[in-house]
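Scroll down for the structure; my scribbles are underneath it.
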Amino acid sequence: MVDTNELLAAGAAPQTPDASRPVQDSAPDDLASRPERFFNRELSWLAFNERVLAEASNPNYPLLERLRFLSISGSNIDEFLMVRVAGLAGQVRRSIEEISLDGRTPSQAIALTHEKALELEQIQQASWAGLKQELEEAGIHVIGDDEELDADRAHWLREYFLEHVMAVITPQAIDPAHPFPFVPNQGIGVLFPLVRIADEAPVMEMVLIPAALPRYIRLAGEQAAWISIEDLIVRNAAELFPGFRIHGHGVFRILRDSDIEIEEDAEDLVRYYRTAIQRRRRGMVISLQLQGNFDASAEELLRAQLGLERALIMQSKGLVGFNGLSAICDEDRPELKFEPYTPRYPERIVEHDGEIFAAIREKDIVVQHPYESFEVVIDFLRQAARDPDVVAIKQTLYRAGKQSAIISALIAAAEEGKSVTAVVELKARFDEEQNLLWASQLERAGVQVIYGFVDWKTHAKTSMVVRREGDGYRTYCHFGTGNYHPLTARIYTDLSYFTADPAAGRDVGRLFNFITGYVEPTRTELLSISPISLRSTLYECIDNEIANAQEGKPAAIWIKLNSLTDPGLIDKLYAASRAGVDIDCVVRGICCLRPGIEGLSENITVKSVIGRFLEHSRIWAFANGEELPNRRARVFITSADGMSRNLDRRVEVLLPITNKTVHDQVLDQVMLANLLDTEQSWVLHPDGSYARVGAVENPFNLHRYFMTNPSLSGRGAALASGRKVPKLSLRRGNI
C-alpha cells in the first residue's frame with residue numbers, strides 16, 4: 001500500500017475542509033450506517049475545481065499555461081452551476097426533498113455550494129490580478145476599462161469598434177415601449193444609465209454582446225495588447241449614444257439552467273432533442289455576475305426582470321467570465337507555454353508497414369493517449385474503410401468533436417458499400433446539437449444510425465471491424481476509456497486497447513445487439529456490461545479480496561477513476577477496508593468516500609492528480625492473493641466511473657486484461673506511475689480537505705515519465721533491441 005503520510009510535507013496546506021460535518025479520528029460504531037460516512041458530492045466537485053484553480057498559481061508552469069488553468073476553472077464552474085446547482089434548484093422549486101448521500105436537503109446543498117462558489121470566485125479574481133501583472137511584465141498587456149491610452153492605441157480601438165463592432169451590436173432602450181430583451185445563456189451585456197441632453201430625460205440602455213464577436217481582441221502590432229469586447233464597447237459608448245450624457249455603466253453575465261431532462265414517453269427522440277436544445281437556451285437564470293461598481297438602478301432593473309429567485313449573485317470589481325481568457329493563451333509566445341509534445345506512433349504497427357490489422361493479429365496492443373498518437377484509432381477505421389476484405393463496421397459515438405476524422409472514416413466506409421452501424425448518443429451533455437448534425441450526415445451517407453436507449457446513455461467506447469479472412473471472418477475490436485474525440489485525445493490521458501480475441505469479438509457483437517435491438521446478453525465471455533453485470537463483477541472482485549484478507553493472504557485493490565460517488569460501491573470498499581484489504585485510489589475529481597477513518601476506512605488512501613494532462617483513464621486492479629503488482633492480478637479497464645449513473649443508468653463496458661504485455665503496461669506502468677507521482681498529486685484527508693504533496697527526496701512526475709519513456713505495449717522488436725523502459729517500483733525512488 002502507498003503510504004501517503006510519506007508524501008505529505010509537514011507544512012502542506014489543507015484545501016476545502018468540509019467543516020460543517022466534522023468526523024472524529026476514531027469512528028463511532030454506527031458511522032458505517034450514517035450519512036457522515038460520505039462527503040457531499042457538490043462540495044467535493046468544488047474542491048476538485050479549487051485544485052484546478054491552484055494550478056494557475058503553480059510556479060512550475062509557464063505563464064500562459066497558468067492563465068489557461070484559470071480559464072479552465074471558469075469553464076468548469078460555469079458547467080457546475082448550469083447543471084448541478086440548476087438541478088438542485090429544480091428540486092427546490094418542485095418541493096422535492098431528496099436527501100443527498102451526506103444527509104442534506106437540496107436547499108441546504110444550494111446554500112453550501114453558493115458559499116463555496118463565491119469563495120472560489122474571489123480566488124479567481126486574485127489569481128487574475130496576479131497573472132495580469134505578470135503578463136504585463138512579460139510584454140502582454142491587457143487593457144483595463146478605465147486605463148488611459150496613447151493616441152495611436154485609442155485611434156486603433158475606435159476604428160476597430162466602428163468597422164467591426166458597431167454594426168453588429170444593437171443598443172436597446174428599456175422602457176414600456178421596449179420590453180426587457182431575452183438574455184441568452186452565458187450572455188454578456190452592458191447597461192448604460194443615460195440622460196438625454198435635449199430634455200434631460202433619464203434613459204436606461206442595454207447592449208447585449210452577440211456570441212459571434214470575439215471575447216478578447218488583439219490590437220495590431222508586434223507588442224501584444226488585448227482588450228475585452230465589453231471594455232471596448234464601454235470605451236466607445238459615446239459613439240453609440242450621441243446626444244446623451246453617460247452616467248455610468250454595468251457589465252453583467254448570466255448563466256441559465258442547461259440540463260435536459262428526458263421524458264419517458266418521448267415518441268421521437270431526435271425531434272424531442274431538437275426542441276429541448278431550444279428550451280435549454282431559455283432555461284431559468286441560475287447565476288448573475290455583476291462587474292465593477294454596478295449602477296444601483298441598473299442592478300435593480302436586472303433583479304426585477306431576470307427572475308433571480310435562488311440564483312447566485314456574484315458582484316466583483318474584477319472580471320466576469322473567466323473562460324474567455326483562453327483567447328489570450330493563444331498568443332504566439334512559445335517560451336511562455338509548455339514545450340510542444342509530439343505523440344509517438346506504436347512501433348509494432350510501423351514494423352508492419354502501417355498495417356494495423358496485421359499488427360493486432362500478432363498480439364493485442366494498448367495505446368496510451370496523448371503520449372501515443374490518437375491517429376492509430378483513426379487509422380484503424382480509415383484502413384477498415386478502404387480494405388476490400390472488411391465487410392462491416394460498428395461504432396459507438398459519445399463525443400466526436402466538431403471536425404471528426406472518425407465521422408469521415410465511417411462515411412467513407414459506407415460509400416464503399418460496407419455495412420456501417422453508428423450508435424450516436426444524443427444525450428451527451430452540451431454535444432447534443434453536434435451529435436444531431438453528425439447523425440444526419442451519417443444517415444445521408446448510408447450509415448445505419450441508432451440512438452440507443454431512451455433512459456440510458458450509451459457511454460461505452462467500442463468499435464468493431466469484421467474482416468473476411470481465409471474461409472471465415474475475424475473481428476477486430478477497439479475498447480477505449482475515453483471518447484472518439486481527436487482534440488481531447490491530445491490532453492486527456494486515456495487507454496485504447498486493440499484485440500482480435502474471438503471472445504472479445506463475440507461479446508462486442510452481443511453489446512451492439514443489446515444497444516440496437518434490446519437483445520440483452522444472457523452471458524458474456526469477457527466483457528461485463530452495465531447496467532447488467534458490471535456492478536456485480538466489481539463486487540465479486542472486492543469480495544474475493546475480502547476473502548483473501550480473512551485467510552491471511554495478501555489483499556489489495558488499486559483504483560483509478562475520474563469520480564467515485566456510488567454509495568453501494570463505497571460501502572463495499574469500506575467493508576474491504578474493515579476486513580484488512582489495502583486500497584489505493586487515484587480519483588481525479590469528485591470523491592464521496594472518506595479515507596483514513598479508524599474502524600471504517602483506515603486502509604484506504606485517496607489522491608488526485610492534476611497536471612499538464614487531464615487524467616481520464618479508468619482502471620481497476622485486484623491483488624488476487626499476491627502483493628501488487630503481480631502477474632496474477634486481475635486488471636480491468638473500463639469506460640465507467642464509480643458513479644450510480646455509470647453502474648445503473650448507462651451502457652458501459654468493463655474489460656479484463658489478459659495479454660501479458662498489456663497487463664504489465666496497465667498495472668506496472670500506468671497504474672503504478674499514478675500512485676508514485678509526487679509532483680502533481682493532492683492527498684485527501686478524512687475531513688474532506690486536500691493537501692498538495694510536498695517536497696520529497698526523489699520527486700516523480702508521471703506525465704514527464706510517459707513523455708520521455710516509451711510504453712511497454714506496441715513496441716514490437718524495439719522492446720527487445722531498443723532502449724529499455726525504466727522499471728517502476730513501489731519502493732520510493734526506485735525507478
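Numbering starts fresh at 1 for the residues of each chain in the C-alpha cells, the chains themselves are lettered A, B, ... in the order given, and ligands are numbered from 1 as they appear.
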key: Residue contacts of Pro370 in chain A (6 Å, only C-alpha atoms) excluding same-chain residues fewer than 2 positions away, as JSON, numbers by chain   = {"A": [372, 489, 490, 493]}
For the selection just defined, write its residues with N, CA and C atoms to a file, as an mmCIF file, in the first residue's frame.
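Output saved as selection.cif:
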```
data_model
loop_
_atom_site.group_PDB
_atom_site.id
_atom_site.type_symbol
_atom_site.label_atom_id
_atom_site.label_comp_id
_atom_site.auth_asym_id
_atom_site.auth_seq_id
_atom_site.Cartn_x
_atom_site.Cartn_y
_atom_site.Cartn_z
ATOM 1 N N GLU A 372 0.888 8.478 -26.881
ATOM 2 C CA GLU A 372 0.889 7.784 -28.162
ATOM 3 C C GLU A 372 -0.299 8.282 -28.980
ATOM 4 N N ALA A 489 -8.171 14.055 -27.136
ATOM 5 C CA ALA A 489 -7.162 12.998 -27.039
ATOM 6 C C ALA A 489 -5.747 13.566 -26.945
ATOM 7 N N ARG A 490 -5.572 14.852 -27.225
ATOM 8 C CA ARG A 490 -4.256 15.478 -27.102
ATOM 9 C C ARG A 490 -3.943 15.869 -25.661
ATOM 10 N N THR A 493 -5.528 11.815 -20.728
ATOM 11 C CA THR A 493 -4.825 10.537 -20.707
ATOM 12 C C THR A 493 -5.863 9.420 -20.708
#
```
Checklist entry - Which residues, written as a PyMOL selection string, have at least one atom at most 8 Å from Gly283 in chain A, with only C-alpha atoms counted and residues fewer than 4 positions away on the same chain left out? => result chain A and resi 185+256-258+279
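Across A:Ser577, A:Arg218, A:Ala56, A:Glu351, the tightest approach to Ala126 in chain A is made by A:Ala56 when counting only C-alpha atoms.
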(Q) Going by DSSP on the backbone, which residues of range 286-391 of chain A come out as alpha helix (DSSP H)? List them as a PyMOL selection string. (A) chain A and resi 296-306+347-351+356-362+375-386
Write out as an mmCIF file with C-alpha atoms, in the first residue's frame each polymer residue whose atoms come within 10 Å of Ala220 in chain A, counting only C-alpha atoms; drop sequence neighbours fewer than 3 positions from it.
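The resulting around36.cif:
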```
data_model
loop_
_atom_site.group_PDB
_atom_site.id
_atom_site.type_symbol
_atom_site.label_atom_id
_atom_site.label_comp_id
_atom_site.auth_asym_id
_atom_site.auth_seq_id
_atom_site.Cartn_x
_atom_site.Cartn_y
_atom_site.Cartn_z
ATOM 1 C CA ARG A 153 -3.968 52.798 -29.467
ATOM 2 C CA TRP A 156 -6.944 51.925 -33.418
ATOM 3 C CA LEU A 157 -9.588 50.852 -30.925
ATOM 4 C CA ILE A 217 -9.468 41.391 -29.281
ATOM 5 C CA GLN A 223 3.690 44.425 -28.954
ATOM 6 C CA ALA A 224 0.920 42.231 -27.604
ATOM 7 C CA ALA A 225 -2.101 44.117 -26.282
ATOM 8 C CA TRP A 226 -5.571 42.707 -25.667
#
```
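Separating CA of Asn562 in chain A from CA of Ser639 in chain A is a distance of 10.4 Å.
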Discussion item. What's around Glu134 in chain A at 12 Å? Count only C-alpha atoms, leave out sequence neighbours fewer than 2 positions away in its own chain, and write the answer as a VMD selection string.
Written reply: chain A and resid 56 to 57 59 62 to 64 66 to 67 127 to 132 136 to 142 336
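Between CA of Ala86 in chain A and CA of Val587 in chain A there is a distance of 24.7 Å.
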For Trp558 in chain A, find every residue with an atom within 7 Å (counting only C-alpha atoms), except residues of its own chain fewer than 5 positions away, and show them as a VMD selection string. chain A and resid 583 to 585 620 to 622
Save out the residues we just selected, N, CA and C atoms, as a CSV table (one decimal), in the first residue's frame.
```
chain,number,residue,atom,x,y,z
A,583,ILE,N,-6.3,-0.5,0.1
A,583,ILE,CA,-7.0,0.1,-1.1
A,583,ILE,C,-6.3,1.5,-1.4
A,584,ASP,N,-5.8,1.6,-2.6
A,584,ASP,CA,-5.2,2.9,-3.0
A,584,ASP,C,-6.0,3.4,-4.2
A,585,CYS,N,-6.6,4.6,-4.0
A,585,CYS,CA,-7.4,5.2,-5.1
A,585,CYS,C,-6.8,6.4,-5.6
A,620,TRP,N,-9.1,-0.7,-12.8
A,620,TRP,CA,-9.3,-1.5,-11.6
A,620,TRP,C,-8.3,-2.6,-11.5
A,621,ALA,N,-7.6,-2.8,-10.4
A,621,ALA,CA,-6.6,-3.9,-10.2
A,621,ALA,C,-6.9,-4.5,-8.9
A,622,PHE,N,-6.9,-5.9,-8.9
A,622,PHE,CA,-7.2,-6.7,-7.7
A,622,PHE,C,-6.0,-7.6,-7.5
```
- For Leu593 in chain A, please output as a count of residues only all residues within 9 Å (counting only C-alpha atoms; exclusion window: fewer than 5 positions along the same chain). 12
Counting only C-alpha atoms, closest pick from A:Arg645, A:Lys553, A:His114, A:His616 relative to Ser287 in chain A is A:His114
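Each of A:Gln91, A:Asn435, A:Asn548, A:Thr516 was checked against Phe453 in chain A using only C-alpha atoms; the smallest atom-to-atom distance is that of A:Thr516.
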